[in-house]
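Listing of protein_23.cif, mmCIF, C-alpha atoms and all ligand atoms
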```
data_input
#
loop_
_atom_site.label_atom_id
_atom_site.label_comp_id
_atom_site.auth_asym_id
_atom_site.auth_seq_id
_atom_site.Cartn_x
_atom_site.Cartn_y
_atom_site.Cartn_z
CA MET A 542 0.00 0.00 0.00
CA SER A 543 1.40 3.39 -0.91
CA THR A 544 1.71 6.12 1.70
CA PRO A 545 -0.78 8.94 1.14
CA ALA A 546 0.76 12.32 0.34
CA LEU A 547 0.35 14.41 3.46
CA THR A 548 1.55 17.70 2.07
CA PRO A 549 -0.59 18.74 -0.90
CA THR A 550 1.18 22.02 -1.50
CA ARG A 551 4.66 22.88 -0.42
CA ILE A 552 4.70 26.41 0.99
CA LEU A 553 7.37 26.76 3.67
CA LEU A 554 8.16 29.58 6.08
CA VAL A 555 11.64 29.49 7.62
CA THR A 556 12.16 31.90 10.50
CA GLY A 557 15.69 33.26 10.68
CA GLY A 558 16.33 32.13 7.12
CA SER A 559 18.88 34.77 6.16
CA ARG A 560 21.96 32.83 7.29
CA GLY A 561 23.27 29.74 9.04
CA ILE A 562 20.99 26.74 9.50
CA GLY A 563 17.89 28.65 8.35
CA ALA A 564 19.51 29.66 5.04
CA ALA A 565 20.76 26.11 4.42
CA THR A 566 17.27 24.79 5.18
CA ALA A 567 15.65 27.24 2.75
CA VAL A 568 17.92 26.14 -0.10
CA LEU A 569 17.66 22.41 0.62
CA ALA A 570 13.89 22.69 0.94
CA ALA A 571 13.75 24.38 -2.46
CA ARG A 572 15.64 21.41 -3.90
CA ALA A 573 12.94 19.20 -2.36
CA GLY A 574 10.20 21.17 -4.11
CA TRP A 575 9.18 23.74 -1.50
CA ASP A 576 8.44 27.39 -2.24
CA VAL A 577 10.14 29.26 0.58
CA ALA A 578 9.34 32.42 2.54
CA ILE A 579 12.55 33.58 4.20
CA ASN A 580 12.17 35.54 7.42
CA TYR A 581 14.91 37.74 8.85
CA THR A 582 15.26 40.65 11.25
CA ARG A 583 18.23 42.81 10.27
CA ASP A 584 20.02 41.64 7.14
CA ALA A 585 17.74 42.10 4.11
CA THR A 586 20.66 41.68 1.70
CA ALA A 587 21.51 38.25 3.13
CA ALA A 588 17.85 37.21 3.01
CA GLU A 589 17.59 38.33 -0.64
CA ALA A 590 20.70 36.31 -1.50
CA VAL A 591 19.05 33.18 -0.06
CA ALA A 592 15.88 33.99 -2.02
CA ALA A 593 17.96 34.22 -5.21
CA GLU A 594 19.36 30.73 -4.53
CA VAL A 595 15.83 29.38 -4.06
CA ARG A 596 14.67 30.96 -7.32
CA ALA A 597 17.72 29.59 -9.15
CA LEU A 598 16.41 26.15 -8.17
CA GLY A 599 13.12 26.89 -9.91
CA ARG A 600 11.03 27.53 -6.80
CA ARG A 601 9.26 30.67 -5.63
CA ALA A 602 10.88 32.74 -2.88
CA MET A 603 9.88 35.76 -0.84
CA VAL A 604 11.60 37.56 2.02
CA VAL A 605 9.70 38.80 5.06
CA GLN A 606 11.12 40.97 7.79
CA ALA A 607 9.73 40.25 11.26
CA ASP A 608 11.04 39.91 14.78
CA VAL A 609 9.49 36.63 15.92
CA ALA A 610 9.33 38.04 19.45
CA ASP A 611 6.87 40.70 18.30
CA GLU A 612 3.36 39.30 17.85
CA ALA A 613 2.18 42.09 15.53
CA GLN A 614 5.16 41.51 13.25
CA VAL A 615 4.51 37.74 13.21
CA LEU A 616 0.86 38.32 12.28
CA ALA A 617 1.93 40.65 9.47
CA MET A 618 4.48 38.08 8.25
CA PHE A 619 1.88 35.30 7.99
CA ALA A 620 -0.56 37.72 6.33
CA ALA A 621 2.10 38.59 3.74
CA VAL A 622 2.61 34.89 2.90
CA ASP A 623 -1.19 34.36 2.77
CA ALA A 624 -1.58 37.25 0.36
CA SER A 625 1.20 36.07 -1.96
CA TRP A 626 0.85 32.30 -1.94
CA GLY A 627 -1.96 31.15 0.38
CA ARG A 628 -1.73 28.88 3.41
CA VAL A 629 1.69 27.70 4.60
CA THR A 630 2.03 23.91 4.83
CA GLY A 631 5.49 23.93 6.39
CA LEU A 632 7.07 25.96 9.21
CA VAL A 633 10.63 25.79 10.47
CA ASN A 634 10.95 27.55 13.82
CA ASN A 635 14.63 28.27 13.37
CA ALA A 636 15.13 31.87 14.58
CA GLY A 637 17.05 31.73 17.82
CA ILE A 638 19.54 33.72 19.85
CA VAL A 639 22.26 33.16 22.39
CA ASP A 640 23.75 35.83 24.65
CA LEU A 641 27.18 36.57 26.07
CA PRO A 642 28.62 33.99 28.47
CA ALA A 643 27.30 34.55 31.99
CA ARG A 644 26.46 32.66 35.16
CA VAL A 645 22.81 32.54 36.20
CA ASP A 646 23.59 34.78 39.18
CA GLU A 647 24.71 37.46 36.71
CA MET A 648 21.75 37.37 34.31
CA SER A 649 19.55 40.46 34.07
CA LEU A 650 15.77 40.20 33.84
CA GLN A 651 15.99 41.96 30.46
CA ARG A 652 18.31 39.28 29.13
CA LEU A 653 16.06 36.45 30.37
CA GLN A 654 12.93 38.07 28.95
CA ARG A 655 14.53 38.54 25.52
CA MET A 656 15.78 34.93 25.51
CA TRP A 657 12.32 33.53 26.28
CA ALA A 658 10.62 35.99 23.92
CA VAL A 659 12.67 35.01 20.85
CA ASN A 660 13.44 31.35 21.49
CA ILE A 661 10.24 30.20 23.22
CA THR A 662 7.38 32.66 22.69
CA GLY A 663 8.43 33.34 19.11
CA SER A 664 8.25 29.62 18.32
CA PHE A 665 4.86 29.28 20.03
CA VAL A 666 3.31 32.25 18.24
CA CYS A 667 4.66 31.21 14.82
CA ALA A 668 3.39 27.65 15.40
CA ARG A 669 0.00 29.00 16.45
CA GLU A 670 -0.32 31.02 13.26
CA ALA A 671 0.89 28.10 11.14
CA LEU A 672 -1.64 25.75 12.76
CA LYS A 673 -4.50 28.11 11.94
CA ARG A 674 -3.55 27.62 8.31
CA MET A 675 -2.46 23.96 8.29
CA SER A 676 -4.73 22.13 10.71
CA ARG A 677 -7.76 20.28 9.38
CA ARG A 678 -9.51 21.63 12.48
CA HIS A 679 -9.27 25.03 10.81
CA GLY A 680 -10.08 23.78 7.31
CA GLY A 681 -6.42 23.48 6.33
CA PRO A 682 -4.73 20.78 4.24
CA GLY A 683 -2.32 19.56 6.94
CA GLY A 684 1.38 20.26 7.18
CA ALA A 685 4.59 19.89 9.12
CA ILE A 686 6.39 21.97 11.73
CA VAL A 687 10.05 21.55 12.68
CA ASN A 688 11.45 23.27 15.77
CA LEU A 689 15.17 23.93 16.21
CA SER A 690 16.27 22.78 19.62
CA SER A 691 19.90 22.34 20.73
CA ALA A 692 22.14 19.77 22.39
CA ALA A 693 22.34 22.49 25.05
CA ALA A 694 18.91 21.25 26.22
CA ARG A 695 20.69 18.05 27.36
CA LEU A 696 24.04 19.58 28.36
CA GLY A 697 22.74 22.60 30.32
CA SER A 698 25.57 24.93 29.15
CA PRO A 699 26.89 25.81 32.65
CA ASN A 700 28.98 28.99 32.92
CA GLN A 701 27.99 29.89 29.38
CA TYR A 702 24.25 30.27 28.83
CA VAL A 703 21.99 28.17 31.00
CA ASP A 704 19.17 30.49 29.91
CA TYR A 705 19.64 29.48 26.27
CA ALA A 706 19.87 25.79 27.21
CA ALA A 707 16.66 26.06 29.25
CA SER A 708 14.89 27.78 26.36
CA LYS A 709 15.75 24.81 24.17
CA GLY A 710 14.57 22.42 26.87
CA ALA A 711 11.25 24.24 26.63
CA ILE A 712 11.31 23.71 22.85
CA ASP A 713 11.74 19.95 23.33
CA THR A 714 8.66 19.83 25.56
CA PHE A 715 6.78 22.12 23.18
CA THR A 716 7.55 19.78 20.27
CA LEU A 717 6.27 16.74 22.15
CA GLY A 718 3.12 18.35 23.50
CA LEU A 719 2.11 20.16 20.33
CA ALA A 720 2.74 17.05 18.23
CA ARG A 721 0.34 15.03 20.36
CA GLU A 722 -2.20 17.87 20.44
CA VAL A 723 -2.51 18.16 16.65
CA ALA A 724 -1.62 14.62 15.51
CA GLY A 725 -5.24 13.95 14.53
CA GLU A 726 -5.43 17.13 12.45
CA GLY A 727 -2.94 16.32 9.68
CA VAL A 728 -0.06 18.23 11.24
CA ARG A 729 3.22 16.62 12.27
CA VAL A 730 5.54 18.43 14.71
CA ASN A 731 9.16 17.42 15.21
CA GLY A 732 12.45 18.89 16.34
CA VAL A 733 16.12 18.85 15.47
CA ARG A 734 18.74 19.15 18.19
CA PRO A 735 22.01 20.38 16.61
CA GLY A 736 25.34 20.10 18.39
CA ILE A 737 28.19 22.49 17.65
CA ILE A 738 27.54 23.79 14.13
CA ASP A 739 29.74 26.19 12.18
CA THR A 740 27.60 29.34 11.92
CA ASP A 741 27.75 32.99 13.01
CA ILE A 742 25.72 32.33 16.16
CA HIS A 743 28.87 31.70 18.22
CA ALA A 744 30.36 35.08 17.34
CA SER A 745 27.04 36.71 18.21
CA GLY A 746 27.43 35.14 21.67
CA GLY A 747 30.93 36.58 22.05
CA LEU A 748 32.66 33.23 21.37
CA PRO A 749 33.91 33.37 17.76
CA ASP A 750 36.41 30.53 18.43
CA ARG A 751 33.82 28.15 19.89
CA VAL A 752 33.69 25.92 16.80
CA ALA A 753 37.49 25.56 16.67
CA GLN A 754 37.68 24.92 20.41
CA ILE A 755 34.86 22.39 20.80
CA GLY A 756 34.87 20.75 17.35
CA PRO A 757 37.83 18.38 17.95
CA SER A 758 36.34 17.09 21.22
CA VAL A 759 33.13 15.92 19.55
CA PRO A 760 33.05 12.12 18.97
CA LEU A 761 33.03 12.70 15.18
CA GLN A 762 36.03 15.04 15.82
CA ARG A 763 34.65 18.12 14.11
CA ALA A 764 31.88 20.69 14.19
CA GLY A 765 28.88 20.10 11.95
CA THR A 766 27.75 22.18 9.00
CA ALA A 767 24.48 24.02 8.51
CA ASP A 768 23.77 21.71 5.54
CA GLU A 769 24.04 18.64 7.78
CA VAL A 770 21.38 20.06 10.09
CA ALA A 771 19.21 21.21 7.19
CA ALA A 772 19.16 17.65 5.83
CA ALA A 773 17.42 16.44 8.99
CA VAL A 774 15.01 19.39 8.99
CA VAL A 775 14.00 18.88 5.37
CA TRP A 776 13.55 15.14 5.89
CA LEU A 777 11.21 15.82 8.83
CA LEU A 778 9.23 18.23 6.62
CA SER A 779 8.92 15.63 3.88
CA ASP A 780 6.33 12.95 3.32
CA GLU A 781 9.14 10.42 3.81
CA ALA A 782 8.78 11.28 7.50
CA SER A 783 5.03 10.63 7.39
CA TYR A 784 5.07 8.42 10.51
CA ALA A 785 7.38 10.69 12.55
CA THR A 786 5.80 13.12 14.98
CA GLY A 787 6.70 14.30 18.47
CA THR A 788 10.33 13.32 18.08
CA THR A 789 13.53 15.35 18.17
CA ILE A 790 16.54 14.17 16.17
CA ASP A 791 20.06 14.76 17.51
CA VAL A 792 22.48 16.02 14.84
CA THR A 793 25.43 16.38 17.17
CA GLY A 794 28.31 14.27 15.84
CA GLY A 795 27.69 11.93 18.78
CA ARG A 796 28.01 14.62 21.45
P1 LIG B 1 22.60 32.30 13.26
O1 LIG B 1 23.67 31.98 12.28
O2 LIG B 1 22.89 33.25 14.37
O3 LIG B 1 21.33 32.83 12.43
C1 LIG B 1 20.21 33.24 13.14
C2 LIG B 1 19.11 33.62 12.18
O4 LIG B 1 17.98 34.00 12.96
C3 LIG B 1 19.46 34.81 11.32
O5 LIG B 1 18.83 34.61 10.05
C4 LIG B 1 18.82 35.98 12.05
O6 LIG B 1 18.43 37.02 11.16
C5 LIG B 1 17.58 35.32 12.62
N1 LIG B 1 17.03 35.94 13.81
C6 LIG B 1 17.67 36.26 14.96
N2 LIG B 1 16.82 36.80 15.85
C7 LIG B 1 15.59 36.82 15.23
C8 LIG B 1 14.31 37.26 15.59
N3 LIG B 1 14.08 37.80 16.80
N4 LIG B 1 13.29 37.14 14.70
C9 LIG B 1 13.52 36.61 13.45
N5 LIG B 1 14.72 36.17 13.06
C10 LIG B 1 15.74 36.28 13.92
O7 LIG B 1 22.03 30.98 13.96
P2 LIG B 1 22.22 29.42 13.58
O8 LIG B 1 23.48 28.95 14.18
O9 LIG B 1 21.95 29.20 12.16
O10 LIG B 1 21.05 28.79 14.48
C11 LIG B 1 19.75 28.54 13.99
C12 LIG B 1 18.98 27.80 15.06
O11 LIG B 1 19.68 26.60 15.41
C13 LIG B 1 18.79 28.57 16.35
O12 LIG B 1 17.52 28.30 16.89
C14 LIG B 1 19.89 28.01 17.24
O13 LIG B 1 19.57 28.14 18.60
C15 LIG B 1 19.91 26.57 16.79
N6 LIG B 1 21.19 25.90 17.10
C16 LIG B 1 22.35 26.32 16.54
C17 LIG B 1 23.53 25.67 16.88
C18 LIG B 1 24.88 26.05 16.34
O14 LIG B 1 25.91 25.55 16.84
N7 LIG B 1 24.96 26.92 15.35
C19 LIG B 1 23.51 24.61 17.79
C20 LIG B 1 22.30 24.23 18.33
C21 LIG B 1 21.14 24.88 17.97
P3 LIG B 1 19.21 38.43 11.09
O15 LIG B 1 20.64 38.09 10.82
O16 LIG B 1 18.55 39.18 10.00
O17 LIG B 1 19.02 39.06 12.44
#
```
Show this structure as C-alpha cells.
Amino acid sequence: MSTPALTPTRILLVTGGSRGIGAATAVLAARAGWDVAINYTRDATAAEAVAAEVRALGRRAMVVQADVADEAQVLAMFAAVDASWGRVTGLVNNAGIVDLPARVDEMSLQRLQRMWAVNITGSFVCAREALKRMSRRHGGPGGAIVNLSSAAARLGSPNQYVDYAASKGAIDTFTLGLAREVAGEGVRVNGVRPGIIDTDIHASGGLPDRVAQIGPSVPLQRAGTADEVAAAVVWLLSDEASYATGTTIDVTGGR
C-alpha cells in the first residue's frame, strides 16, 4: 500500500532564514520542491541572496522581515505569505539567539525576557499562526512543523548560557506536546537538536572561536555544518517522515 501524500502544497516559512541553518534549510527545501518564505530581522541583503538561490532552483521565494518576538510583526508576516501564496504547509521555527557567556547569578531580567521571547514565545506564536492555516480543524490541508532545539537542552551549558539551554529544553517539551495535540489534524511536529555547528551564532554570543575549540572534542572530531542540520530538517518536513511526529533528532556528531 502506498503512503498517502500528506503535504498537498509545499509552501514553507523558515524563520531566521537569512543565514546559518535557516539559510541552508531554505535552499535544501527548495531542492525538495518547496516554495520558501525567508524571514529575517536585520540583514535584508543576506535574506535576498538566499531567495535568489531558491529561485535559481526553480522555486518561488519571498523575504519577510519580522522579529518573531513581536506578535504584531509575526501576524503581518503570515498575512504577507497568505496574500502572496496562500496557506503555509510547512514551518521551520529556526530563529534563535544566544547571549554573552554569563552565570545565572549574573543574568539580568531583560536578558532572560529577551531569551524567552525570541526562542520560546516566538516559536509558540509562529506555530499558532501556522496551525491556523495547516490544521484540518481550521479547514487546512495539513502540514509539518520543525522546531530547532539544541544539544544544550541536554548539556545545560553551565557557565555559558543556562538560559539558552533552558529555552531549548522548553522547545523539546513544546515539540512533544504540540505534536500530540494536533496529531489527529494532519499536522506533524518534530524537532532537530544540533550540536556544535559552524555558523555565526557563536560570534554573536561573544565566542567566535567556539567551533574551533569544541569541534575536535566531539566524537566525530569536528563541528557540523548548517547543511548537515538542514538535511534532517528537510527530511522531517517531507512525506518520507510521514510516521514521525513528536520526536527530536540529535544532529550532534555523537556529542
Ligand atoms: P545564526 O547563524 O545566528 O542565524 C540566526 C538567524 O535567525 C538569522 O537569520 C537571524 O536574522 C535570525 N534571527 C535572529 N533573531 C531573530 C528574531 N528575533 N526574529 C527573526 N529572526 C531572527 O544561527 P544558527 O546557528 O543558524 O542557528 C539557527 C537555530 O539553530 C537557532 O535556533 C539556534 O539556537 C539553533 N542551534 C544552533 C547551533 C549552532 O551551533 N549553530 C547549535 C544548536 C542549535 P538576522 O541576521 O537578519 O538578524
Discussion item. As a PyMOL selection string, please: every protein or nucleic acid residue near ligand LIG 1 (chain B) (cut-off 7 Å, counting all atoms listed in the file).
Written reply: chain A and resi 556-563+580-585+607-610+635-639+659-660+689-693+734-743+745+767
Worksheet item: Which residue gives the smallest distance to Lys709 in chain A among A:Leu672, A:Met656, A:Leu761, A:Val775, with only C-alpha atoms counted?
Response: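 Between A:Leu672, A:Met656, A:Leu761, A:Val775, the residue approaching Lys709 in chain A most closely is A:Met656.
Closest approach to Asn634 in chain A from the set A:Thr586, A:Thr714, A:Ser758, A:Ser664 is made by A:Ser664, with distances taken over all atoms listed in the file.
Among the candidates A:Gly627, A:Gly787, A:Pro757, A:Gly680, the residue lying nearest to Ile712 in chain A is A:Gly787 (atoms considered: only C-alpha atoms).
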Counting all atoms listed in the file, I want the residues whose atoms come within 12 Å of (6.7, 8.1, 14.1) in the file frame, returned as a CSV table (one decimal) with C-alpha atoms, in the frame of the given file.
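Full text of selection_8.csv as output:
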```csv
chain,number,residue,atom,x,y,z
A,717,LEU,CA,6.3,16.7,22.2
A,720,ALA,CA,2.7,17.0,18.2
A,721,ARG,CA,0.3,15.0,20.4
A,724,ALA,CA,-1.6,14.6,15.5
A,729,ARG,CA,3.2,16.6,12.3
A,730,VAL,CA,5.5,18.4,14.7
A,731,ASN,CA,9.2,17.4,15.2
A,777,LEU,CA,11.2,15.8,8.8
A,780,ASP,CA,6.3,13.0,3.3
A,781,GLU,CA,9.1,10.4,3.8
A,782,ALA,CA,8.8,11.3,7.5
A,783,SER,CA,5.0,10.6,7.4
A,784,TYR,CA,5.1,8.4,10.5
A,785,ALA,CA,7.4,10.7,12.6
A,786,THR,CA,5.8,13.1,15.0
A,787,GLY,CA,6.7,14.3,18.5
A,788,THR,CA,10.3,13.3,18.1
A,789,THR,CA,13.5,15.4,18.2
A,790,ILE,CA,16.5,14.2,16.2
```
Practice prompt. Neighbourhood query: residues within 10 Å of (13.1, 33.6, 2.0), file coordinates, counting all atoms listed in the file; return as a ChimeraX atom specification.
Written response: /A:553-559,563-564,567-568,576-581,585,587-596,601-606
Output file for the residues above (C-alpha atoms, as a short mmCIF file (atom, residue, chain, number, x, y, z; two decimals), keeping the file's coordinate frame):
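So part.cif came out as:
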```cif
data_model
loop_
_atom_site.label_atom_id
_atom_site.label_comp_id
_atom_site.auth_asym_id
_atom_site.auth_seq_id
_atom_site.Cartn_x
_atom_site.Cartn_y
_atom_site.Cartn_z
CA LEU A 553 7.37 26.76 3.67
CA LEU A 554 8.16 29.58 6.08
CA VAL A 555 11.64 29.49 7.62
CA THR A 556 12.16 31.90 10.50
CA GLY A 557 15.69 33.26 10.68
CA GLY A 558 16.33 32.13 7.12
CA SER A 559 18.88 34.77 6.16
CA GLY A 563 17.89 28.65 8.35
CA ALA A 564 19.51 29.66 5.04
CA ALA A 567 15.65 27.24 2.75
CA VAL A 568 17.92 26.14 -0.10
CA ASP A 576 8.44 27.39 -2.24
CA VAL A 577 10.14 29.26 0.58
CA ALA A 578 9.34 32.42 2.54
CA ILE A 579 12.55 33.58 4.20
CA ASN A 580 12.17 35.54 7.42
CA TYR A 581 14.91 37.74 8.85
CA ALA A 585 17.74 42.10 4.11
CA ALA A 587 21.51 38.25 3.13
CA ALA A 588 17.85 37.21 3.01
CA GLU A 589 17.59 38.33 -0.64
CA ALA A 590 20.70 36.31 -1.50
CA VAL A 591 19.05 33.18 -0.06
CA ALA A 592 15.88 33.99 -2.02
CA ALA A 593 17.96 34.22 -5.21
CA GLU A 594 19.36 30.73 -4.53
CA VAL A 595 15.83 29.38 -4.06
CA ARG A 596 14.67 30.96 -7.32
CA ARG A 601 9.26 30.67 -5.63
CA ALA A 602 10.88 32.74 -2.88
CA MET A 603 9.88 35.76 -0.84
CA VAL A 604 11.60 37.56 2.02
CA VAL A 605 9.70 38.80 5.06
CA GLN A 606 11.12 40.97 7.79
#
```
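Rounded to one decimal, CA of Cys667 in chain A and CA of Asp768 in chain A lie 23.3 Å from each other.
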Fill in: Counting all atoms listed in the file, the residue of A:Gly732, A:Pro699, A:Gly746, A:Gly795 that sits nearest Ala771 in chain A
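Counting all atoms listed in the file, the residue closest to Ala771 in chain A is A:Gly732.
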Fewer than 5 positions away in the same chain doesn't count, so skip those; otherwise give me all residues within 12 Å of Lys673 in chain A, counting only C-alpha atoms, as a short mmCIF file (atom, residue, chain, number, x, y, z; two decimals) with C-alpha atoms, keeping the file's coordinate frame.
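Below is the file that was written, selection13.cif:
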```cif
data_model
loop_
_atom_site.label_atom_id
_atom_site.label_comp_id
_atom_site.auth_asym_id
_atom_site.auth_seq_id
_atom_site.Cartn_x
_atom_site.Cartn_y
_atom_site.Cartn_z
CA LEU A 616 0.86 38.32 12.28
CA PHE A 619 1.88 35.30 7.99
CA ALA A 620 -0.56 37.72 6.33
CA ASP A 623 -1.19 34.36 2.77
CA ARG A 628 -1.73 28.88 3.41
CA VAL A 629 1.69 27.70 4.60
CA THR A 630 2.03 23.91 4.83
CA VAL A 666 3.31 32.25 18.24
CA CYS A 667 4.66 31.21 14.82
CA ALA A 668 3.39 27.65 15.40
CA ARG A 678 -9.51 21.63 12.48
CA HIS A 679 -9.27 25.03 10.81
CA GLY A 680 -10.08 23.78 7.31
CA GLY A 681 -6.42 23.48 6.33
CA PRO A 682 -4.73 20.78 4.24
CA GLY A 683 -2.32 19.56 6.94
CA GLY A 684 1.38 20.26 7.18
CA VAL A 723 -2.51 18.16 16.65
CA GLU A 726 -5.43 17.13 12.45
CA VAL A 728 -0.06 18.23 11.24
#
```
Worksheet item: When distances are computed from all atoms listed in the file, which of A:Gly718, A:Ala617, A:Val733, A:Leu650 shows the smallest separation from Ala694 in chain A?
Response: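 Ranked by minimum distance to Ala694 in chain A, first place goes to A:Val733.
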Item to complete: Excluding Gln701 in chain A and any residue of its chain fewer than 4 positions from it, enumerate the residues within 12 Å of it, using all atoms listed in the file, and give them as a list in words.
Response: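 Here the answer would be Val639, Asp640, Leu641, Pro642, Ala643, Arg644, Val645, Asp646, Glu647, Met648, Ala693, Leu696, Gly697, Tyr705, Ala706, Ala707, His743, Gly746, Gly747, Leu748 and Arg751 of chain A.
CA of Gln762 in chain A to CA of Asp750 in chain A spans 15.7 Å [interatomic distance, one decimal].
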Item to complete: Record the distance separating CA of Trp575 in chain A and CA of Gly727 in chain A, expressed in Å with one decimal.
Response: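 Answer for the CA of Trp575 in chain A to CA of Gly727 in chain A separation: 18.1 Å.
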Padded axis-aligned box of range 653-670 of chain A (6 Å per side), centre and edge lengths, Å, one decimal, as JSON:
```
{"center_x": 7.9, "center_y": 33.1, "center_z": 21.8, "size_x": 28.4, "size_y": 22.9, "size_z": 29.1}
```
Worksheet entry | Nearest residue to Ala773 in chain A from the set A:Val633, A:Ala658, A:Ile755, A:Ile552 (distances using all atoms listed in the file) | A:Val633
From the structure block, carefully write range 564-582 of chain A out with N, CA, C and O atoms; format it as a short mmCIF file (atom, residue, chain, number, x, y, z; two decimals), in the first residue's frame.
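Here's the written file selection-v2.cif:
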```cif
data_model
loop_
_atom_site.label_atom_id
_atom_site.label_comp_id
_atom_site.auth_asym_id
_atom_site.auth_seq_id
_atom_site.Cartn_x
_atom_site.Cartn_y
_atom_site.Cartn_z
N ALA A 564 19.21 29.46 6.47
CA ALA A 564 19.51 29.66 5.04
C ALA A 564 19.74 28.32 4.36
O ALA A 564 19.23 28.07 3.26
N ALA A 565 20.50 27.44 5.00
CA ALA A 565 20.76 26.11 4.42
C ALA A 565 19.45 25.34 4.26
O ALA A 565 19.24 24.63 3.27
N THR A 566 18.57 25.49 5.24
CA THR A 566 17.27 24.79 5.18
C THR A 566 16.43 25.32 4.02
O THR A 566 15.80 24.55 3.29
N ALA A 567 16.43 26.64 3.84
CA ALA A 567 15.65 27.24 2.75
C ALA A 567 16.09 26.68 1.40
O ALA A 567 15.26 26.31 0.56
N VAL A 568 17.39 26.60 1.19
CA VAL A 568 17.92 26.14 -0.10
C VAL A 568 17.66 24.64 -0.29
O VAL A 568 17.20 24.21 -1.36
N LEU A 569 17.89 23.86 0.74
CA LEU A 569 17.66 22.41 0.62
C LEU A 569 16.18 22.10 0.43
O LEU A 569 15.81 21.20 -0.32
N ALA A 570 15.33 22.88 1.10
CA ALA A 570 13.89 22.69 0.94
C ALA A 570 13.46 23.02 -0.48
O ALA A 570 12.60 22.35 -1.06
N ALA A 571 14.06 24.05 -1.06
CA ALA A 571 13.75 24.38 -2.46
C ALA A 571 14.11 23.22 -3.38
O ALA A 571 13.36 22.88 -4.29
N ARG A 572 15.25 22.60 -3.11
CA ARG A 572 15.64 21.41 -3.90
C ARG A 572 14.60 20.30 -3.77
O ARG A 572 14.41 19.51 -4.70
N ALA A 573 13.94 20.25 -2.60
CA ALA A 573 12.94 19.20 -2.36
C ALA A 573 11.55 19.62 -2.85
O ALA A 573 10.58 18.92 -2.60
N GLY A 574 11.46 20.79 -3.49
CA GLY A 574 10.20 21.17 -4.11
C GLY A 574 9.36 22.17 -3.33
O GLY A 574 8.22 22.44 -3.69
N TRP A 575 9.93 22.75 -2.28
CA TRP A 575 9.18 23.74 -1.50
C TRP A 575 9.38 25.15 -2.07
O TRP A 575 10.50 25.51 -2.45
N ASP A 576 8.32 25.94 -2.12
CA ASP A 576 8.44 27.39 -2.24
C ASP A 576 8.76 27.91 -0.84
O ASP A 576 8.21 27.39 0.15
N VAL A 577 9.63 28.92 -0.74
CA VAL A 577 10.14 29.26 0.58
C VAL A 577 10.01 30.76 0.88
O VAL A 577 10.52 31.60 0.13
N ALA A 578 9.36 31.07 1.99
CA ALA A 578 9.34 32.42 2.54
C ALA A 578 10.46 32.50 3.58
O ALA A 578 10.51 31.68 4.50
N ILE A 579 11.33 33.47 3.38
CA ILE A 579 12.55 33.58 4.20
C ILE A 579 12.41 34.77 5.13
O ILE A 579 12.36 35.92 4.70
N ASN A 580 12.32 34.48 6.40
CA ASN A 580 12.17 35.54 7.42
C ASN A 580 13.56 35.96 7.93
O ASN A 580 14.48 35.16 8.02
N TYR A 581 13.66 37.22 8.28
CA TYR A 581 14.91 37.74 8.85
C TYR A 581 14.54 38.94 9.71
O TYR A 581 13.40 39.44 9.65
N THR A 582 15.52 39.41 10.50
CA THR A 582 15.26 40.65 11.25
C THR A 582 16.06 41.83 10.71
O THR A 582 15.51 42.88 10.45
#
```
